[in-house]
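Below is query-v3.txt, which holds compact mmCIF, C-alpha atoms and all ligand atoms.
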# COMPACT_ATOMS: atom_id res chain seq x y z
CA MET A 1 -46.81 19.82 7.91
CA ALA A 2 -44.78 19.03 4.87
CA PRO A 3 -41.11 19.90 5.24
CA GLN A 4 -39.46 22.34 2.92
CA VAL A 5 -38.45 20.36 -0.14
CA LYS A 6 -35.26 21.43 -1.78
CA ASP A 7 -34.56 20.99 -5.43
CA TYR A 8 -31.90 18.40 -6.27
CA TYR A 9 -30.34 20.62 -8.92
CA GLU A 10 -30.11 23.44 -6.41
CA MET A 11 -28.51 21.13 -3.87
CA LEU A 12 -25.72 20.27 -6.28
CA GLY A 13 -25.54 23.83 -7.59
CA VAL A 14 -25.99 22.80 -11.22
CA GLU A 15 -28.36 23.84 -14.01
CA LYS A 16 -31.32 21.77 -15.08
CA LYS A 17 -29.51 21.15 -18.37
CA ALA A 18 -26.24 20.07 -16.73
CA SER A 19 -24.49 17.06 -18.28
CA GLN A 20 -23.92 13.88 -16.29
CA ASP A 21 -20.27 14.78 -16.16
CA ASP A 22 -21.03 18.20 -14.67
CA ILE A 23 -23.31 16.62 -12.09
CA LYS A 24 -20.66 14.11 -11.15
CA LYS A 25 -18.04 16.85 -10.87
CA ALA A 26 -20.28 19.09 -8.77
CA TYR A 27 -21.14 16.20 -6.50
CA ARG A 28 -17.53 15.17 -5.99
CA LYS A 29 -16.49 18.68 -5.14
CA LEU A 30 -19.23 19.12 -2.57
CA ALA A 31 -18.91 15.61 -1.17
CA ARG A 32 -15.25 16.28 -0.48
CA LYS A 33 -16.13 19.46 1.30
CA TYR A 34 -18.88 18.04 3.49
CA HIS A 35 -17.62 14.51 4.01
CA PRO A 36 -18.22 13.56 7.67
CA ASP A 37 -14.71 12.15 8.03
CA LEU A 38 -13.38 15.63 7.25
CA ASN A 39 -15.90 17.42 9.46
CA PRO A 40 -16.12 15.27 12.55
CA GLY A 41 -18.98 16.19 14.84
CA ASP A 42 -20.34 18.87 12.52
CA LYS A 43 -24.08 18.21 12.26
CA THR A 44 -24.63 20.75 9.52
CA SER A 45 -22.02 19.16 7.27
CA GLU A 46 -23.43 15.76 8.04
CA GLN A 47 -26.93 16.84 7.02
CA LYS A 48 -25.58 18.55 3.92
CA PHE A 49 -23.65 15.43 2.97
CA LYS A 50 -26.77 13.32 3.28
CA GLU A 51 -28.68 15.71 1.08
CA LEU A 52 -25.92 15.69 -1.51
CA ASN A 53 -26.00 11.93 -1.64
CA GLU A 54 -29.73 11.97 -1.98
CA ALA A 55 -29.54 14.43 -4.85
CA TYR A 56 -26.75 12.57 -6.59
CA GLU A 57 -28.39 9.20 -6.22
CA VAL A 58 -31.16 10.57 -8.41
CA LEU A 59 -29.47 13.03 -10.74
CA GLY A 60 -26.43 10.82 -11.24
CA ASP A 61 -28.63 8.12 -12.72
CA GLU A 62 -30.08 8.93 -16.15
CA LYS A 63 -33.27 6.96 -15.59
CA LYS A 64 -33.99 8.32 -12.16
CA ARG A 65 -33.15 11.82 -13.30
CA ALA A 66 -35.67 11.59 -16.14
CA GLU A 67 -38.31 10.40 -13.70
CA TYR A 68 -37.42 13.17 -11.30
CA ASP A 69 -37.65 15.78 -14.06
CA LYS A 70 -41.07 14.46 -14.94
CA TYR A 71 -42.60 13.68 -11.55
CA GLY A 72 -40.50 15.43 -8.94
CA ARG A 73 -39.22 13.61 -5.90
CA SER A 74 -42.09 11.24 -5.24
CA PRO A 75 -40.67 7.91 -6.44
CA PHE A 76 -37.66 8.27 -4.19
CA GLU A 77 -39.04 9.58 -0.97
CA GLN A 78 -41.16 8.34 1.84
CA GLY A 79 -43.61 10.64 3.60
CA GLY A 80 -41.56 13.70 2.87
CA GLN A 81 -38.50 12.31 4.67
CA GLY A 82 -36.44 11.84 1.59
CA PHE A 83 -34.18 8.90 0.95
CA ASP A 84 -32.79 7.23 4.04
CA TYR A 85 -29.22 6.09 3.65
CA ARG A 86 -28.92 4.23 6.93
CA THR A 87 -26.11 6.50 7.92
CA TYR A 88 -23.34 5.50 10.29
CA THR A 89 -23.64 1.77 10.19
CA SER A 90 -20.52 1.15 12.22
CA GLY A 91 -18.67 3.62 14.33
CA ASP A 92 -18.90 6.95 12.64
CA ARG A 93 -18.13 5.84 9.13
CA PHE A 94 -20.66 6.98 6.65
CA ASP A 95 -22.40 4.28 4.70
CA PHE A 96 -21.86 5.08 1.05
CA ASN A 97 -24.95 3.35 -0.15
CA GLY A 98 -24.91 3.10 -3.91
CA PHE A 99 -21.95 5.35 -4.45
CA GLY A 100 -19.33 2.73 -5.00
CA ASP A 101 -17.96 4.12 -8.21
CA ILE A 102 -17.55 7.62 -6.86
CA PHE A 103 -16.20 6.66 -3.48
CA SER A 104 -13.90 3.98 -4.69
CA ASP A 105 -11.84 6.64 -6.37
CA LEU A 106 -12.53 9.38 -3.84
CA PHE A 107 -11.74 7.48 -0.69
CA GLY A 108 -10.63 4.03 -1.75
CA ALA A 109 -13.77 2.47 -0.33
CA GLY A 110 -16.35 0.37 -2.06
CA ARG A 111 -19.56 -1.12 -0.91
CA GLY A 112 -21.72 -4.15 -1.34
CA PRO A 113 -25.09 -5.00 0.09
CA GLU A 114 -23.70 -5.99 3.48
CA THR A 115 -24.55 -3.70 6.33
CA VAL A 116 -21.27 -4.25 8.15
CA ASP A 117 -18.30 -2.15 7.10
CA LEU A 118 -15.04 -4.02 7.30
CA LYS A 119 -11.60 -3.24 6.05
CA GLY A 120 -10.58 -5.66 3.30
CA PRO A 121 -7.91 -8.29 3.91
CA ASP A 122 -4.23 -7.44 3.52
CA LEU A 123 -2.31 -9.16 0.75
CA LEU A 124 1.22 -10.39 1.33
CA MET A 125 3.75 -10.65 -1.46
CA SER A 126 7.45 -11.27 -1.43
CA LEU A 127 9.97 -9.39 -3.48
CA GLU A 128 13.59 -10.35 -4.02
CA LEU A 129 16.23 -7.66 -4.30
CA SER A 130 19.94 -7.72 -4.92
CA LEU A 131 22.09 -6.30 -2.14
CA GLU A 132 22.89 -3.31 -4.35
CA GLU A 133 19.17 -2.62 -4.89
CA ALA A 134 18.51 -2.94 -1.18
CA PHE A 135 21.33 -0.50 -0.54
CA SER A 136 20.37 2.22 -2.98
CA GLY A 137 16.60 1.76 -2.99
CA VAL A 138 14.73 0.90 -6.14
CA ALA A 139 11.39 1.31 -7.87
CA LYS A 140 10.04 -2.01 -9.10
CA PRO A 141 6.95 -2.77 -11.14
CA LEU A 142 4.80 -5.36 -9.42
CA THR A 143 1.91 -7.21 -11.01
CA PHE A 144 -0.58 -9.04 -8.85
CA SER A 145 -4.25 -9.90 -8.57
CA ARG A 146 -6.55 -8.55 -5.94
CA GLU A 147 -10.23 -8.59 -5.30
CA ALA A 148 -11.54 -5.15 -6.12
CA VAL A 149 -14.94 -3.52 -6.35
CA CYS A 150 -16.30 -4.08 -9.86
CA LYS A 151 -15.54 -0.93 -11.82
CA ASP A 152 -18.51 -1.28 -14.15
CA CYS A 153 -21.23 -1.45 -11.52
CA GLY A 154 -19.40 0.28 -8.69
CA GLY A 155 -19.97 -2.73 -6.48
CA SER A 156 -23.76 -2.81 -6.74
CA GLY A 157 -23.69 -6.01 -8.80
CA ALA A 158 -26.40 -4.55 -11.00
CA GLU A 159 -26.43 -3.11 -14.47
CA SER A 160 -29.84 -1.67 -13.70
CA TYR A 161 -32.00 -1.70 -10.64
CA GLN A 162 -35.19 -0.25 -9.27
CA PRO A 163 -36.22 0.72 -5.76
CA CYS A 164 -37.06 -2.34 -3.64
CA ASP A 165 -40.86 -2.93 -3.52
CA LYS A 166 -40.85 -4.05 0.08
CA CYS A 167 -39.17 -0.99 1.57
CA LYS A 168 -39.88 1.43 -1.28
CA GLY A 169 -36.19 1.96 -1.73
CA THR A 170 -35.41 3.10 1.79
CA GLY A 171 -33.58 -0.05 2.81
CA THR A 172 -35.46 -0.13 6.10
CA VAL A 173 -38.88 -1.36 7.18
CA SER A 174 -40.82 -0.07 10.16
CA SER A 175 -43.36 -1.80 12.29
CA SER A 176 -45.50 -0.45 15.13
CA LYS A 177 -45.90 -2.00 18.54
CA GLY A 178 -48.08 0.15 20.75
CA PHE A 179 -46.30 3.47 20.95
CA PHE A 180 -43.06 2.10 19.65
CA ARG A 181 -41.92 2.11 16.09
CA MET A 182 -39.20 -0.36 15.19
CA THR A 183 -36.97 0.25 12.21
CA GLN A 184 -35.03 -2.65 10.77
CA ALA A 185 -32.94 -3.29 7.68
CA CYS A 186 -35.18 -4.57 4.90
CA ALA A 187 -34.72 -8.33 4.51
CA ALA A 188 -35.93 -8.38 0.90
CA CYS A 189 -33.06 -6.23 -0.39
CA GLY A 190 -30.54 -6.78 2.40
CA GLY A 191 -30.90 -3.13 3.36
CA THR A 192 -29.69 -1.76 0.06
CA GLY A 193 -33.07 -0.36 -0.98
CA ARG A 194 -32.50 -1.76 -4.45
CA LYS A 195 -33.75 -4.63 -6.47
CA THR A 196 -31.52 -5.71 -9.31
CA THR A 197 -33.38 -5.87 -12.59
CA LYS A 198 -30.32 -6.83 -14.59
CA ALA A 199 -27.12 -8.23 -13.15
CA CYS A 200 -23.86 -6.52 -14.06
CA LYS A 201 -22.32 -8.33 -17.03
CA THR A 202 -18.76 -7.68 -15.96
CA CYS A 203 -18.93 -9.25 -12.50
CA GLY A 204 -22.05 -11.38 -13.00
CA GLY A 205 -23.63 -9.73 -9.93
CA ARG A 206 -20.77 -10.72 -7.63
CA GLU A 207 -19.98 -7.03 -7.00
CA ARG A 208 -16.28 -7.72 -6.83
CA MET A 209 -13.81 -9.05 -9.34
CA LEU A 210 -10.27 -10.24 -9.47
CA HIS A 211 -8.35 -7.31 -10.77
CA THR A 212 -4.84 -7.49 -12.16
CA GLU A 213 -2.91 -4.53 -10.90
CA THR A 214 0.49 -3.33 -11.96
CA ILE A 215 1.98 -0.80 -9.62
CA LYS A 216 5.40 0.65 -9.18
CA VAL A 217 6.67 0.04 -5.68
CA LYS A 218 9.27 2.35 -4.29
CA ILE A 219 11.64 0.60 -1.94
CA PRO A 220 13.56 3.11 0.15
CA PRO A 221 17.32 2.69 0.59
CA GLY A 222 18.48 0.30 3.30
CA ALA A 223 15.84 -2.45 3.06
CA ASP A 224 16.88 -5.57 4.94
CA ASN A 225 15.83 -9.20 4.75
CA GLY A 226 12.30 -9.37 6.14
CA SER A 227 11.63 -5.61 5.78
CA ARG A 228 8.03 -4.93 4.85
CA ILE A 229 6.65 -2.20 2.64
CA ARG A 230 3.00 -1.34 3.02
CA VAL A 231 1.02 0.00 0.06
CA ARG A 232 -2.24 1.33 1.45
CA GLY A 233 -5.48 0.37 -0.24
CA MET A 234 -3.97 -2.23 -2.58
CA GLY A 235 -5.27 -5.27 -0.70
CA GLY A 236 -8.65 -6.99 -0.97
CA ALA A 237 -11.85 -4.98 -1.31
CA GLY A 238 -13.57 -3.94 1.92
CA ARG A 239 -17.04 -5.02 2.96
CA GLY A 240 -19.76 -2.45 3.12
CA SER A 241 -18.14 0.95 3.07
CA GLY A 242 -15.01 -0.44 4.66
CA PRO A 243 -11.76 0.52 2.93
CA SER A 244 -9.64 -1.90 0.92
CA GLY A 245 -6.91 -3.73 2.78
CA ASP A 246 -3.24 -3.04 2.20
CA LEU A 247 -0.61 -4.75 0.13
CA GLN A 248 2.34 -5.83 2.22
CA ILE A 249 5.56 -6.56 0.42
CA GLU A 250 8.13 -8.61 2.25
CA ILE A 251 11.68 -8.07 1.07
CA THR A 252 14.17 -10.88 0.59
CA VAL A 253 17.72 -9.82 -0.14
CA ARG A 254 19.69 -12.20 -2.38
CA GLU A 255 23.04 -13.38 -1.13
CA HIS A 256 25.94 -11.42 -2.58
CA PRO A 257 29.05 -13.20 -3.89
CA PHE A 258 31.33 -11.40 -1.43
CA PHE A 259 29.49 -8.80 0.63
CA LYS A 260 27.63 -9.75 3.78
CA ARG A 261 25.42 -7.43 5.75
CA LYS A 262 25.48 -7.29 9.52
CA ASN A 263 23.14 -4.63 10.94
CA ASP A 264 24.27 -1.49 9.13
CA ASN A 265 27.79 -2.77 8.49
CA ILE A 266 29.01 -4.58 5.42
CA LEU A 267 31.53 -7.35 5.90
CA VAL A 268 33.94 -8.44 3.19
CA ASP A 269 37.03 -10.67 3.05
CA VAL A 270 39.84 -9.19 0.97
CA PRO A 271 42.83 -11.30 -0.10
CA VAL A 272 46.25 -9.61 -0.20
CA THR A 273 49.67 -10.97 -1.17
CA PHE A 274 52.36 -11.79 1.36
CA GLY A 275 54.36 -8.81 0.10
CA GLU A 276 51.45 -6.37 0.50
CA ALA A 277 50.80 -7.63 4.02
CA ALA A 278 54.45 -7.59 5.01
CA LEU A 279 55.55 -4.31 3.46
CA GLY A 280 52.26 -2.41 3.51
CA ALA A 281 50.47 -1.18 0.38
CA ARG A 282 47.78 1.01 -1.02
CA ILE A 283 45.14 -1.36 -2.38
CA GLU A 284 41.75 -1.03 -4.03
CA VAL A 285 38.81 -2.78 -2.40
CA PRO A 286 35.23 -3.14 -3.58
CA THR A 287 32.46 -1.37 -1.65
CA ILE A 288 28.71 -1.47 -2.18
CA ASP A 289 28.88 1.82 -4.07
CA GLY A 290 32.14 1.62 -5.94
CA VAL A 291 35.84 0.97 -5.48
CA ALA A 292 37.62 2.51 -2.50
CA ALA A 293 41.34 2.90 -1.85
CA MET A 294 42.61 1.50 1.42
CA THR A 295 46.00 1.68 3.10
CA LEU A 296 47.35 -1.62 4.29
CA PRO A 297 49.89 -0.96 7.05
CA ALA A 298 53.21 -2.81 6.94
CA GLY A 299 52.99 -6.00 8.95
CA THR A 300 49.26 -6.54 8.46
CA GLN A 301 48.25 -9.96 9.72
CA GLY A 302 45.86 -12.43 8.11
CA GLY A 303 42.42 -12.15 9.77
CA GLN A 304 43.09 -8.55 10.78
CA LYS A 305 40.06 -6.32 10.43
CA LEU A 306 40.28 -2.87 8.90
CA LYS A 307 37.46 -0.38 8.81
CA LEU A 308 36.23 1.82 6.01
CA SER A 309 34.07 4.37 7.83
CA GLY A 310 30.71 5.34 6.32
CA LYS A 311 30.80 2.65 3.63
CA GLY A 312 28.03 0.51 5.11
CA PHE A 313 24.25 0.60 4.82
CA PRO A 314 22.18 3.66 5.71
CA SER A 315 20.59 3.30 9.13
CA ALA A 316 16.80 3.02 8.99
CA LYS A 317 16.57 5.34 11.98
CA THR A 318 19.13 8.03 11.29
CA GLY A 319 20.06 7.53 7.64
CA ARG A 320 23.71 7.57 8.71
CA ARG A 321 25.77 4.94 7.01
CA GLY A 322 27.44 2.11 8.86
CA ASP A 323 30.98 0.94 8.09
CA GLN A 324 32.57 -1.59 5.85
CA VAL A 325 34.65 -4.07 7.78
CA VAL A 326 37.43 -5.59 5.70
CA THR A 327 38.93 -8.86 6.91
CA ILE A 328 42.40 -9.41 5.45
CA ARG A 329 43.21 -12.82 4.02
CA VAL A 330 46.81 -13.46 3.07
CA ALA A 331 46.76 -15.32 -0.21
CA VAL A 332 49.35 -18.03 -0.55
CA PRO A 333 50.21 -19.34 -4.03
CA LYS A 334 49.21 -22.99 -4.44
CA ASN A 335 51.74 -24.23 -6.96
CA ILE A 336 55.10 -22.65 -6.45
CA PRO A 337 57.68 -23.02 -9.22
CA ASP A 338 61.19 -24.04 -8.12
CA ARG A 339 62.83 -20.64 -8.61
CA ILE A 340 60.24 -19.01 -6.32
CA LYS A 341 60.57 -21.87 -3.86
CA GLY A 342 64.19 -20.94 -3.50
CA ALA A 343 63.35 -17.28 -2.82
CA VAL A 344 60.78 -18.24 -0.18
CA GLN A 345 63.33 -20.49 1.50
CA GLU A 346 65.72 -17.56 1.61
CA ILE A 347 63.12 -15.41 3.37
CA GLU A 348 62.44 -18.23 5.81
CA ALA A 349 66.14 -18.49 6.55
CA LEU A 350 66.35 -14.73 7.18
CA TYR A 351 63.22 -14.60 9.29
CA ARG A 352 63.98 -16.85 12.23
CA GLU A 353 61.37 -15.85 14.78
CA SER A 354 58.66 -18.51 15.26
CA PRO A 355 55.13 -17.12 14.91
CA ARG A 356 54.06 -19.81 17.44
CA LYS A 357 56.42 -18.55 20.10
CA GLY A 358 54.78 -18.87 23.50
CA MET A 359 52.16 -21.31 22.23
CA VAL A 360 54.29 -24.38 21.84
CA LYS A 361 57.29 -25.32 24.02
CA SER A 362 60.16 -25.00 21.62
CA HIS A 363 62.39 -27.96 20.83
CA GLU A 364 65.05 -25.59 19.64
ZN ZN A 401 -20.18 -5.40 -11.73
ZN ZN A 402 -35.94 -3.42 0.58
As structure tokens - that is how I would like this structure written.
Amino acid sequence: MAPQVKDYYEMLGVEKKASQDDIKKAYRKLARKYHPDLNPGDKTSEQKFKELNEAYEVLGDEKKRAEYDKYGRSPFEQGGQGFDYRTYTSGDRFDFNGFGDIFSDLFGAGRGPETVDLKGPDLLMSLELSLEEAFSGVAKPLTFSREAVCKDCGGSGAESYQPCDKCKGTGTVSSSKGFFRMTQACAACGGTGRKTTKACKTCGGRERMLHTETIKVKIPPGADNGSRIRVRGMGGAGRGSGPSGDLQIEITVREHPFFKRKNDNILVDVPVTFGEAALGARIEVPTIDGVAAMTLPAGTQGGQKLKLSGKGFPSAKTGRRGDQVVTIRVAVPKNIPDRIKGAVQEIEALYRESPRKGMVKSHE
């Protein structure tokens, strides 16, 4: 008994006179709705999705559509079973046979003639940032090449093709052995069900091409040396219906002339004069996000560390900022004119206590 044959136009819910654009739109909308990844375990959706693909494979192709309008379904079906898409080639991922162009922008997946679906390789790039950029976060344009599914042929490698003679376009061949029927991928077409009549000019039939991409990468605040940013789907093209790999961007932070980062803290050496250290002062110090005022207590020693709370890097975990640790350096003039020499000698004469008291046995 012949199964009920549905009309392809009905399946997509479009008129007989619908434009290619309308057909594409209707297909996309329905494919999104019934996609097996979005309806796991739902047999009805799965069947519906298969039917949609079958309808779109024909109506989405001007030549096949014309044939269909003229002759009905016959050129594309086998014994009333319709087109077999060799569903679920690996795990439960649907095999998007022949729908590269649609699915590459729907789901980021492309396909070639291989029957194995593999995620594409990850790409690794390095990106150098200044410490200020790493601190505040930055959006940077990045240009790179990656292997992508050919946009002109959608990864089929063909400008035009016809159903494979050997398997009549099903992609599988059956043989009988006693009671058993064996179904195998067709060797003549590699299981694609297609025979290329004209290779795609853009990719020369290679299905994939090197694509120059320019993307804007957003680096969140607080990136450290060796931090990695992952941009999903921007790596090499997948095999079969496997998704593209990812782009991984490794951050290198340039050395800063005076700031150093340690965990979430920022370390900086700040020179002060002898007078500022001895008498105390209100001084201005640089921080990663502007100048800050700091009180130097009277009697501050060289090498003493003072803390500016909350002036460090934002923590990757909590977002709370670390501290800035200021190490005081007492600057000593190198060439002292005679009149100053005299003043310094006066201070020395007034200040008799040895700073090395207790370290060295005094000769005094
Ligand atoms: Zn191509
Ligand atoms: Zn074949």
Range 214-223 of chain A surroundings by only C-alpha atoms, 6 Å radius, close-in-sequence under 2 positions cut, as number ranges by chain:
A: 134-143, 227, 313-314
Restrict the calculation to only C-alpha atoms and all ligand atoms, then for each residue of chain A with any atom at most 10 Å from an atom of ligand ZN 401 (chain A) give the closest atom pair and their distance in Å to one decimal, rows by chain and rising residue number, as a tab-separated table.
residue	atom	partner	partner_atom	distance
A:Val149	CA	A:ZN401	ZN	7.7
A:Cys150	CA	A:ZN401	ZN	4.5
A:Lys151	CA	A:ZN401	ZN	6.4
A:Asp152	CA	A:ZN401	ZN	5.1
A:Cys153	CA	A:ZN401	ZN	4.1
A:Gly154	CA	A:ZN401	ZN	6.5
A:Gly155	CA	A:ZN401	ZN	5.9
A:Ser156	CA	A:ZN401	ZN	6.7
A:Gly157	CA	A:ZN401	ZN	4.6
A:Ala158	CA	A:ZN401	ZN	6.3
A:Glu159	CA	A:ZN401	ZN	7.2
A:Ala199	CA	A:ZN401	ZN	7.6
A:Cys200	CA	A:ZN401	ZN	4.5
A:Lys201	CA	A:ZN401	ZN	6.4
A:Thr202	CA	A:ZN401	ZN	5.0
A:Cys203	CA	A:ZN401	ZN	4.1
A:Gly204	CA	A:ZN401	ZN	6.4
A:Gly205	CA	A:ZN401	ZN	5.8
A:Arg206	CA	A:ZN401	ZN	6.7
A:Glu207	CA	A:ZN401	ZN	5.0
A:Arg208	CA	A:ZN401	ZN	6.7
A:Met209	CA	A:ZN401	ZN	7.7
Quick one: pull the distance between CA of Gly236 in chain A and CA of Val253 in chain A, Å, one decimal.
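Straight-line distance from CA of Gly236 in chain A to CA of Val253 in chain A works out to 26.5 Å.
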Taking only C-alpha atoms and all ligand atoms into account, which residues are within 9 Å of ligand ZN 402 (chain A), as a PyMOL selection string?
chain A and resi 163-173+185-195
Go through A:Leu306, A:Phe258, A:Val291, A:Arg329 one by one, measure the shortest atom-to-atom distance of each to Pro271 in chain A using all atoms listed in the file, and give the residue with the smallest value.
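Among A:Leu306, A:Phe258, A:Val291, A:Arg329, it is A:Arg329 that comes nearest to Pro271 in chain A.
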Please determine, counting all atoms listed in the file, which residue among A:Leu131, A:Ile266, A:Leu124, A:Leu52 has the shortest atom-to-atom distance to Arg321 in chain A.
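That would be A:Ile266, the residue with the smallest distance to Arg321 in chain A.
Shown here are all protein and nucleic acid residues lying within 7 Å of (34.1, -6.9, 7.1), with all atoms listed in the file considered: Ile266, Leu267, Val268, Asp269, Lys305, Gln324, Val325, Val326 and Thr327 of chain A.
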Pick out the closest residue to Leu123 in chain A from this set: A:Lys33, A:Lys63, A:Lys70, A:Arg232. Count all atoms listed in the file.
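Checking each of A:Lys33, A:Lys63, A:Lys70, A:Arg232 against Leu123 in chain A, counting all atoms listed in the file, the winner is A:Arg232.
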Could you work out how far CA of Pro297 in chain A lies from CA of Ala277 in chain A, giving the answer in Å with one decimal?
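Value for the CA of Ala277 in chain A-CA of Pro297 in chain A distance: 7.4 Å.
Take the candidates A:Glu133, A:Asp7, A:Asp42, A:Glu348 and check each one against Tyr68 in chain A using all atoms listed in the file; the shortest distance goes to A:Asp7.
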Might you pull out every residue within 10 Å of range 10-17 of chain A, with all atoms listed in the file counted and same-chain residues fewer than 2 positions away left off, and present them as number ranges by chain?
A: 6-8, 19-20, 22-31, 48, 51-56, 59, 69
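When CA of Leu247 in chain A is paired with CA of Gly235 in chain A, their separation reads 4.8 Å.
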Around range 331-347 of chain A, with edges along x, y and z and 8 Å added on all six sides, what centre and edge lengths do you get, in Å to one decimal, as AutoDock Vina command-line options?
--center_x 56.2 --center_y -19.8 --center_z -2.9 --size_x 35.0 --size_y 24.9 --size_z 28.6
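Taking all atoms listed in the file into account, Val272 in chain A lies nearest to A:Gln301 out of the set A:Ser145, A:Gln345, A:Asn39, A:Gln301.
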A:Ser315, A:Glu276, A:Arg146, A:Ser354: which is nearest Val330 in chain A, counting all atoms listed in the file?
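Using all atoms listed in the file, the shortest distance to Val330 in chain A belongs to A:Glu276.
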